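Raw contents of coords_0.cif, mmCIF, C-alpha atoms and all ligand atoms:
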data_run
loop_
_atom_site.label_atom_id
_atom_site.label_comp_id
_atom_site.auth_asym_id
_atom_site.auth_seq_id
_atom_site.Cartn_x
_atom_site.Cartn_y
_atom_site.Cartn_z
CA MET N 3 123.62 97.86 259.95
CA LYS N 4 120.06 98.74 259.14
CA HIS N 5 118.34 96.42 256.75
CA PHE N 6 117.07 97.90 253.51
CA ASN N 7 113.33 98.13 253.55
CA SER N 8 111.40 97.15 250.46
CA CYS N 9 111.03 100.82 249.46
CA SER N 10 114.76 101.47 249.29
CA ILE N 11 115.28 98.23 247.42
CA PHE N 12 112.64 99.43 244.93
CA LEU N 13 114.45 102.77 244.62
CA ILE N 14 117.80 101.08 244.07
CA ALA N 15 116.26 98.74 241.48
CA THR N 16 114.65 101.73 239.75
CA SER N 17 117.88 103.71 239.59
CA ILE N 18 119.77 100.70 238.27
CA HIS N 19 117.06 100.30 235.65
CA VAL N 20 117.23 104.02 234.71
CA ALA N 21 121.04 103.95 234.51
CA PHE N 22 120.83 100.82 232.38
CA SER N 23 118.31 102.34 229.96
CA LEU N 24 120.44 105.48 229.60
CA LEU N 25 123.40 103.26 228.86
CA SER N 26 121.52 101.17 226.33
CA ASP N 27 120.06 104.32 224.70
CA ALA N 28 123.59 105.51 224.05
CA ALA N 29 124.45 102.30 222.23
CA TYR N 30 121.22 100.91 220.88
CA HIS N 31 121.81 97.97 218.55
CA GLY N 32 118.25 96.68 218.18
CA PRO N 33 115.92 96.67 215.18
CA PHE N 34 115.40 99.81 213.09
CA PRO N 35 113.23 102.10 215.26
CA LYS N 36 109.57 102.24 214.19
CA VAL N 37 107.89 105.53 213.24
CA PRO N 38 106.57 106.93 216.54
CA LYS N 39 102.71 107.16 216.57
CA ASP N 40 102.76 110.91 217.25
CA MET N 41 105.43 111.77 214.70
CA GLY N 42 103.28 113.48 212.06
CA THR N 43 105.26 114.45 208.99
CA ILE N 44 108.71 112.88 208.98
CA GLN N 45 111.31 115.59 208.43
CA LEU N 46 114.14 114.33 206.26
CA GLY N 47 117.22 116.55 206.17
CA ALA N 48 119.75 115.66 203.50
CA PHE N 49 123.13 117.23 204.13
CA ILE N 50 124.62 118.45 200.84
CA PHE N 51 128.06 119.91 200.20
CA ASP N 52 130.41 120.78 197.32
CA ASN N 53 131.69 117.68 195.53
CA ALA N 54 129.08 115.40 197.04
CA ASP N 55 128.11 112.54 194.77
CA LEU N 56 124.95 113.40 192.79
CA LEU N 57 123.33 109.94 192.74
CA ASP N 58 124.18 109.32 196.41
CA ILE N 59 121.73 112.16 197.06
CA THR N 60 119.15 111.94 194.29
CA GLY N 61 118.78 108.13 194.26
CA PRO N 62 117.45 107.87 197.82
CA MET N 63 115.45 111.12 197.44
CA GLU N 64 113.64 109.51 194.47
CA VAL N 65 112.48 106.83 196.90
CA PHE N 66 111.78 109.01 199.95
CA GLY N 67 110.21 111.85 197.98
CA ALA N 68 108.07 109.74 195.65
CA PRO N 69 104.50 111.11 195.91
CA PHE N 70 103.09 107.55 195.78
CA ASN N 71 105.26 106.04 198.53
CA ASN N 72 102.55 106.17 201.25
CA LEU N 73 104.90 108.10 203.50
CA ASP N 74 104.08 111.38 205.26
CA ILE N 75 107.48 112.96 204.73
CA GLU N 76 109.04 116.29 203.85
CA VAL N 77 112.44 116.27 202.16
CA ASN N 78 114.81 119.21 202.45
CA PHE N 79 118.43 119.85 201.61
CA ILE N 80 120.70 121.28 204.30
CA GLY N 81 123.94 123.05 203.43
CA THR N 82 126.76 124.64 205.35
CA SER N 83 125.29 127.88 203.94
CA LEU N 84 122.31 128.64 201.69
CA LYS N 85 124.56 128.90 198.62
CA PRO N 86 123.90 126.25 195.96
CA VAL N 87 126.42 123.42 196.22
CA LYS N 88 128.20 122.06 193.18
CA THR N 89 128.06 118.27 193.22
CA ALA N 90 130.93 116.15 191.91
CA HIS N 91 128.86 115.80 188.73
CA SER N 92 128.62 119.58 188.14
CA VAL N 93 124.90 119.76 188.91
CA LEU N 94 123.99 122.50 191.39
CA LEU N 95 121.67 121.71 194.31
CA THR N 96 120.15 124.40 196.52
CA PRO N 97 119.87 123.99 200.30
CA ARG N 98 116.70 125.19 202.00
CA TYR N 99 118.33 125.31 205.43
CA THR N 100 121.78 125.50 206.92
CA LEU N 101 123.21 123.08 209.49
CA SER N 102 122.77 125.81 212.09
CA ASN N 103 119.25 127.06 211.26
CA ALA N 104 117.49 123.85 210.20
CA PRO N 105 114.72 122.57 212.48
CA LYS N 106 115.29 119.20 214.14
CA MET N 107 115.49 116.51 211.48
CA ASP N 108 113.93 113.11 212.17
CA LEU N 109 115.88 111.38 209.42
CA PHE N 110 119.32 112.84 208.86
CA PHE N 111 121.01 111.85 205.62
CA ILE N 112 124.72 112.04 204.71
CA PRO N 113 125.90 111.33 201.16
CA GLY N 114 129.46 110.59 200.05
CA GLY N 115 131.65 111.88 197.25
CA PRO N 116 135.10 113.50 197.20
CA GLY N 117 133.67 116.49 199.11
CA ILE N 118 133.72 114.54 202.38
CA ALA N 119 137.42 115.45 202.76
CA SER N 120 136.74 119.13 203.40
CA VAL N 121 133.62 118.34 205.48
CA MET N 122 135.70 116.09 207.76
CA ASN N 123 138.47 118.67 207.84
CA SER N 124 136.21 121.29 209.44
CA THR N 125 135.78 121.09 213.20
CA LYS N 126 132.81 123.48 213.00
CA ILE N 127 130.93 121.46 210.36
CA MET N 128 131.68 118.17 212.13
CA ARG N 129 130.34 119.61 215.39
CA GLN N 130 127.10 120.60 213.64
CA VAL N 131 126.81 117.26 211.84
CA THR N 132 127.35 115.43 215.15
CA LYS N 133 124.51 117.42 216.74
CA ARG N 134 122.21 116.56 213.80
CA VAL N 135 123.05 112.87 214.04
CA LYS N 136 122.49 112.87 217.81
CA GLU N 137 119.09 114.54 217.66
CA SER N 138 117.85 112.39 214.76
CA THR N 139 115.56 109.41 215.22
CA TRP N 140 117.27 107.75 212.23
CA THR N 141 120.52 108.47 210.39
CA MET N 142 121.34 107.17 206.94
CA THR N 143 124.58 107.43 204.98
CA VAL N 144 125.44 106.49 201.42
CA CYS N 145 128.85 105.45 200.12
CA VAL N 146 131.76 107.20 201.89
CA GLY N 147 129.25 109.34 203.77
CA SER N 148 129.82 106.64 206.40
CA ALA N 149 133.32 108.07 206.97
CA VAL N 150 131.71 111.36 208.00
CA LEU N 151 129.40 109.47 210.37
CA ALA N 152 132.38 107.54 211.78
CA LYS N 153 134.21 110.82 212.36
CA THR N 154 131.43 112.03 214.69
CA GLY N 155 132.80 109.51 217.22
CA LEU N 156 129.26 108.21 217.84
CA MET N 157 129.79 104.86 216.13
CA ASP N 158 131.87 103.11 218.78
CA GLY N 159 130.86 99.43 218.78
CA TYR N 160 128.65 99.74 215.70
CA ASN N 161 128.53 97.79 212.45
CA MET N 162 128.89 99.92 209.33
CA THR N 163 129.65 99.59 205.65
CA THR N 164 130.82 101.84 202.83
CA ASN N 165 131.69 101.84 199.12
CA LYS N 166 133.68 98.68 198.35
CA ALA N 167 136.01 100.60 196.00
CA ALA N 168 136.99 102.81 198.96
CA PHE N 169 136.58 100.19 201.68
CA GLN N 170 140.20 99.72 202.78
CA ARG N 171 140.89 103.47 202.73
CA ILE N 172 137.85 104.20 204.90
CA VAL N 173 138.73 101.39 207.32
CA ASP N 174 142.34 102.64 207.58
CA ASN N 175 141.14 106.21 208.17
CA SER N 176 139.04 105.11 211.12
CA LYS N 177 141.89 103.25 212.86
CA GLY N 178 141.63 103.51 216.61
CA MET N 179 137.83 103.67 216.44
CA ASN N 180 136.02 100.55 217.53
CA ILE N 181 133.91 100.14 214.37
CA ASN N 182 133.04 96.77 212.84
CA TRP N 183 133.27 97.52 209.10
CA ILE N 184 131.26 94.92 207.16
CA LYS N 185 132.97 94.01 203.88
CA ARG N 186 130.08 92.17 202.23
CA ALA N 187 126.87 94.17 202.57
CA ARG N 188 124.67 96.20 200.29
CA TRP N 189 123.71 98.09 203.42
CA VAL N 190 124.06 97.64 207.17
CA GLN N 191 121.40 98.49 209.76
CA ASP N 192 122.54 98.78 213.36
CA GLY N 193 120.14 100.48 215.75
CA LYS N 194 118.99 103.79 214.29
CA TYR N 195 121.79 103.81 211.70
CA VAL N 196 121.68 102.57 208.13
CA THR N 197 124.95 102.82 206.19
CA SER N 198 124.96 101.79 202.55
CA SER N 199 127.61 100.62 200.15
CA GLY N 200 128.58 102.66 197.07
CA VAL N 201 126.39 105.19 195.25
CA ALA N 202 123.49 103.19 193.74
CA ALA N 203 123.37 100.98 196.86
CA GLY N 204 121.83 104.01 198.55
CA MET N 205 118.60 103.26 196.68
CA ASP N 206 118.51 99.74 198.14
CA ALA N 207 119.05 101.15 201.62
CA ALA N 208 116.35 103.79 201.05
CA LEU N 209 113.90 101.09 199.90
CA TYR N 210 114.79 99.07 203.00
CA ILE N 211 114.02 102.09 205.20
CA LEU N 212 110.76 102.71 203.30
CA SER N 213 109.83 99.05 203.87
CA GLU N 214 110.47 99.46 207.61
CA PHE N 215 108.48 102.73 207.73
CA THR N 216 105.55 101.34 205.72
CA SER N 217 105.58 97.76 204.45
CA PHE N 218 107.64 95.49 202.29
CA ALA N 219 104.87 95.39 199.67
CA ASN N 220 104.80 99.18 199.55
CA ALA N 221 108.57 99.45 199.03
CA GLN N 222 108.27 96.76 196.35
CA ASN N 223 105.58 98.86 194.66
CA VAL N 224 107.82 101.92 194.64
CA SER N 225 110.76 99.97 193.20
CA ASN N 226 108.44 98.54 190.53
CA PHE N 227 107.10 101.96 189.63
CA ILE N 228 110.57 103.48 189.24
CA GLU N 229 111.62 100.28 187.42
CA TYR N 230 114.52 99.69 189.74
CA SER N 231 115.74 96.15 190.58
CA TRP N 232 115.89 96.39 194.34
CA HIS N 233 118.58 94.26 196.04
CA LYS N 234 116.29 93.19 198.87
CA ASP N 235 118.88 91.13 200.71
CA ALA N 236 121.35 93.29 202.60
CA ASN N 237 123.99 90.58 202.21
CA ASP N 238 123.62 90.36 198.44
CA ASP N 239 126.70 92.39 197.52
CA PRO N 240 128.22 91.40 194.16
CA PHE N 241 130.66 94.32 194.34
CA ALA N 242 132.51 93.09 197.42
CA ASP N 243 134.24 90.45 195.24
CA LEU N 244 135.79 93.06 192.95
CA TYR N 245 138.16 94.26 195.67
CA PRO N 246 139.68 91.18 197.35
C1 LIG N 301 127.31 93.11 213.58
O1 LIG N 301 127.96 92.27 212.67
C2 LIG N 301 128.25 90.98 213.16
C3 LIG N 301 129.03 90.25 212.08
O2 LIG N 301 130.27 90.84 211.88
C4 LIG N 301 126.97 90.27 213.54
O3 LIG N 301 127.27 89.02 214.10
C5 LIG N 301 126.18 91.12 214.51
O4 LIG N 301 124.92 90.53 214.75
C6 LIG N 301 125.97 92.50 213.97
N1 LIG N 301 125.34 93.34 214.98
C7 LIG N 301 124.23 94.03 214.72
C8 LIG N 301 123.69 94.81 215.86
O5 LIG N 301 123.69 94.03 213.63
C1 LIG N 302 142.04 121.18 205.71
O1 LIG N 302 142.23 122.35 206.46
C2 LIG N 302 143.47 122.96 206.30
C3 LIG N 302 143.58 124.12 207.29
O2 LIG N 302 142.36 124.80 207.40
C4 LIG N 302 143.65 123.39 204.85
O3 LIG N 302 144.93 123.96 204.66
C5 LIG N 302 143.49 122.17 203.94
O4 LIG N 302 143.53 122.55 202.59
C6 LIG N 302 142.18 121.50 204.22
N1 LIG N 302 142.06 120.26 203.46
C7 LIG N 302 140.93 119.91 202.83
C8 LIG N 302 140.94 118.58 202.12
O5 LIG N 302 139.95 120.61 202.83
C1 LIG N 303 100.74 98.47 194.97
O1 LIG N 303 100.28 99.02 193.76
C2 LIG N 303 99.04 98.48 193.35
C3 LIG N 303 98.72 99.01 191.96
O2 LIG N 303 99.24 100.29 191.74
C4 LIG N 303 97.96 98.83 194.36
O3 LIG N 303 96.74 98.27 193.98
C5 LIG N 303 98.39 98.26 195.71
O4 LIG N 303 97.47 98.65 196.69
C6 LIG N 303 99.76 98.75 196.08
N1 LIG N 303 100.19 98.10 197.29
C7 LIG N 303 100.65 98.79 198.34
C8 LIG N 303 101.13 97.95 199.50
O5 LIG N 303 100.73 100.00 198.38
#
In structure tokens, write the structure found in this file.
Amino acid sequence: MKHFNSCSIFLIATSIHVAFSLLSDAAYHGPFPKVPKDMGTIQLGAFIFDNADLLDITGPMEVFGAPFNNLDIEVNFIGTSLKPVKTAHSVLLTPRYTLSNAPKMDLFFIPGGPGIASVMNSTKIMRQVTKRVKESTWTMTVCVGSAVLAKTGLMDGYNMTTNKAAFQRIVDNSKGMNINWIKRARWVQDGKYVTSSGVAAGMDAALYILSEFTSFANAQNVSNFIEYSWHKDANDDPFADLYP
């Protein structure tokens, strides 16, 4: 048998390396990805739907959209159509784009609320959401929005969290999926994904993301300005104890 020359060994090594990087891209569990140098304005697309939770959406948008947050970012709402959605708190929010016509979103955002049931019930919407999650550089969920993310099937082997009041229900609903649901966490970062606990915890997760995008001091400044007591430690979750 002919011996491999150094060139073919190099080629084999290269293809193993390429195959390995593709594999690790598919299941990246490292630190939260940095803002790429050439990114320009970060496009944030917040998916909104009927019966979404109002604060799940507006809390994080207060942080991301703050004009003094030192972030080059544009925030837009994305609906299943352009019709205003009625949140679970009656307030109407108007999408600028639809899931099908929105440009690529760098940061894709999924809130929770009782409306997730009909979102998850629609194969068409779930297909579009899955595409948005896949093409995003970062994906963030608040509260039971993590159940929608789980339903995409992309979270195999990932750590996630959700609202502690709904924790067991969400875990039971994702039976058969290999997801490590973290019971005590204000938010969980795993690779490009940040999933937060219930409702107001979304603001802590948003401040965490802002701190990663800019600096800790800058996120602290924003939380001071909006007079919000930021839970800076992801493991500091007083609500986990309420549901033993
Ligand atoms: C996932 O959670 C476990 C604890 O359950 C932890 O040991 C591990 O480091 C976490 N993985 C990532 C990628 O954060
Ligand atoms: C789910 O879809 C079915 C069939 O389209 C419909 O009958 C049912 O009401 C839907 N459930 C929810 C929660 O939207
Ligand atoms: C925080 O705010 C203070 C006062 O508004 C400002 O002087 C300082 O530069 C800010 N720090 C950061 C990191 O943005």
All residues having an atom within 6 Å of ligand LIG 301 (chain N) (only C-alpha atoms and all ligand atoms) as an NGL selection string: :N and (31 or 161 or 192)
With 6 Å as the cut-off and only C-alpha atoms and all ligand atoms counted, what is the closest atom pair between each nearby residue of chain N and ligand LIG 302 (chain N)? Distances in Å to one decimal, ordered by chain and number, as a Markdown table.
| residue | atom | partner | partner_atom | distance |
| --- | --- | --- | --- | --- |
| N:Ala119 | CA | N:LIG302 | C8 | 4.8 |
| N:Ser120 | CA | N:LIG302 | O5 | 3.6 |
| N:Asn123 | CA | N:LIG302 | C1 | 4.9 |
Within 7 Å of ligand LIG 303 (chain N) (only C-alpha atoms and all ligand atoms), residues as a ChimeraX atom specification: /N:217,219-220,223
Å distance separating atom CA of Ala168 of chain N from atom CA of Ala221 of chain N, one decimal place: 28.6 Å
Of the listed residues N:Phe66, N:Phe111, N:Tyr30, N:Phe241, that which approaches Tyr210 of chain N most closely, counting only C-alpha atoms: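 Checking each of N:Phe66, N:Phe111, N:Tyr30, N:Phe241 against Tyr210 of chain N, counting only C-alpha atoms, the winner is N:Phe66.
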Nearest candidate to Arg134 of chain N (options N:Gly47, N:Pro33, N:Pro38, N:Pro116; using only C-alpha atoms):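 That would be N:Gly47, the residue with the smallest distance to Arg134 of chain N.
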Protein, DNA and RNA residues within 9 Å of (126.1, 95.9, 202.6), only C-alpha atoms, as a ChimeraX atom specification: /N:162-165,184-191,197-199,203,207,235-239,242
Using the selection just defined, write its residues with C-alpha atoms as an mmCIF file, in the coordinates of the input.
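New file out-v5.cif:
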data_model
loop_
_atom_site.group_PDB
_atom_site.id
_atom_site.type_symbol
_atom_site.label_atom_id
_atom_site.label_comp_id
_atom_site.auth_asym_id
_atom_site.auth_seq_id
_atom_site.Cartn_x
_atom_site.Cartn_y
_atom_site.Cartn_z
ATOM 1 C CA MET N 162 128.890 99.920 209.330
ATOM 2 C CA THR N 163 129.650 99.590 205.650
ATOM 3 C CA THR N 164 130.820 101.840 202.830
ATOM 4 C CA ASN N 165 131.690 101.840 199.120
ATOM 5 C CA ILE N 184 131.260 94.920 207.160
ATOM 6 C CA LYS N 185 132.970 94.010 203.880
ATOM 7 C CA ARG N 186 130.080 92.170 202.230
ATOM 8 C CA ALA N 187 126.870 94.170 202.570
ATOM 9 C CA ARG N 188 124.670 96.200 200.290
ATOM 10 C CA TRP N 189 123.710 98.090 203.420
ATOM 11 C CA VAL N 190 124.060 97.640 207.170
ATOM 12 C CA GLN N 191 121.400 98.490 209.760
ATOM 13 C CA THR N 197 124.950 102.820 206.190
ATOM 14 C CA SER N 198 124.960 101.790 202.550
ATOM 15 C CA SER N 199 127.610 100.620 200.150
ATOM 16 C CA ALA N 203 123.370 100.980 196.860
ATOM 17 C CA ALA N 207 119.050 101.150 201.620
ATOM 18 C CA ASP N 235 118.880 91.130 200.710
ATOM 19 C CA ALA N 236 121.350 93.290 202.600
ATOM 20 C CA ASN N 237 123.990 90.580 202.210
ATOM 21 C CA ASP N 238 123.620 90.360 198.440
ATOM 22 C CA ASP N 239 126.700 92.390 197.520
ATOM 23 C CA ALA N 242 132.510 93.090 197.420
#
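Note that the spacing between atom CA of Gln170 of chain N and atom CA of Leu56 of chain N amounts to 22.8 Å.
Counting from atom CA of Leu151 of chain N, the distance to atom CA of Glu76 of chain N is 22.4 Å.
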Which residue of N:Val201, N:Met41, N:Leu95, N:Val224 approaches Asn71 of chain N most closely, using all atoms listed in the file: N:Val224
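If all atoms listed in the file are the atoms counted, then among N:Tyr245, N:Val131, N:Thr100, N:Val144 the closest residue to Arg171 of chain N is N:Tyr245.
Closest approach to Ala90 of chain N from the set N:Thr216, N:Asn78, N:Asn53, N:Thr60 is made by N:Asn53, with distances taken over only C-alpha atoms.
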Selected residue of minimal separation from Gly114 of chain N among N:Ala29, N:Ile172, N:Val65, N:Ile75, counting only C-alpha atoms: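 Ranked by minimum distance to Gly114 of chain N, first place goes to N:Ile172.
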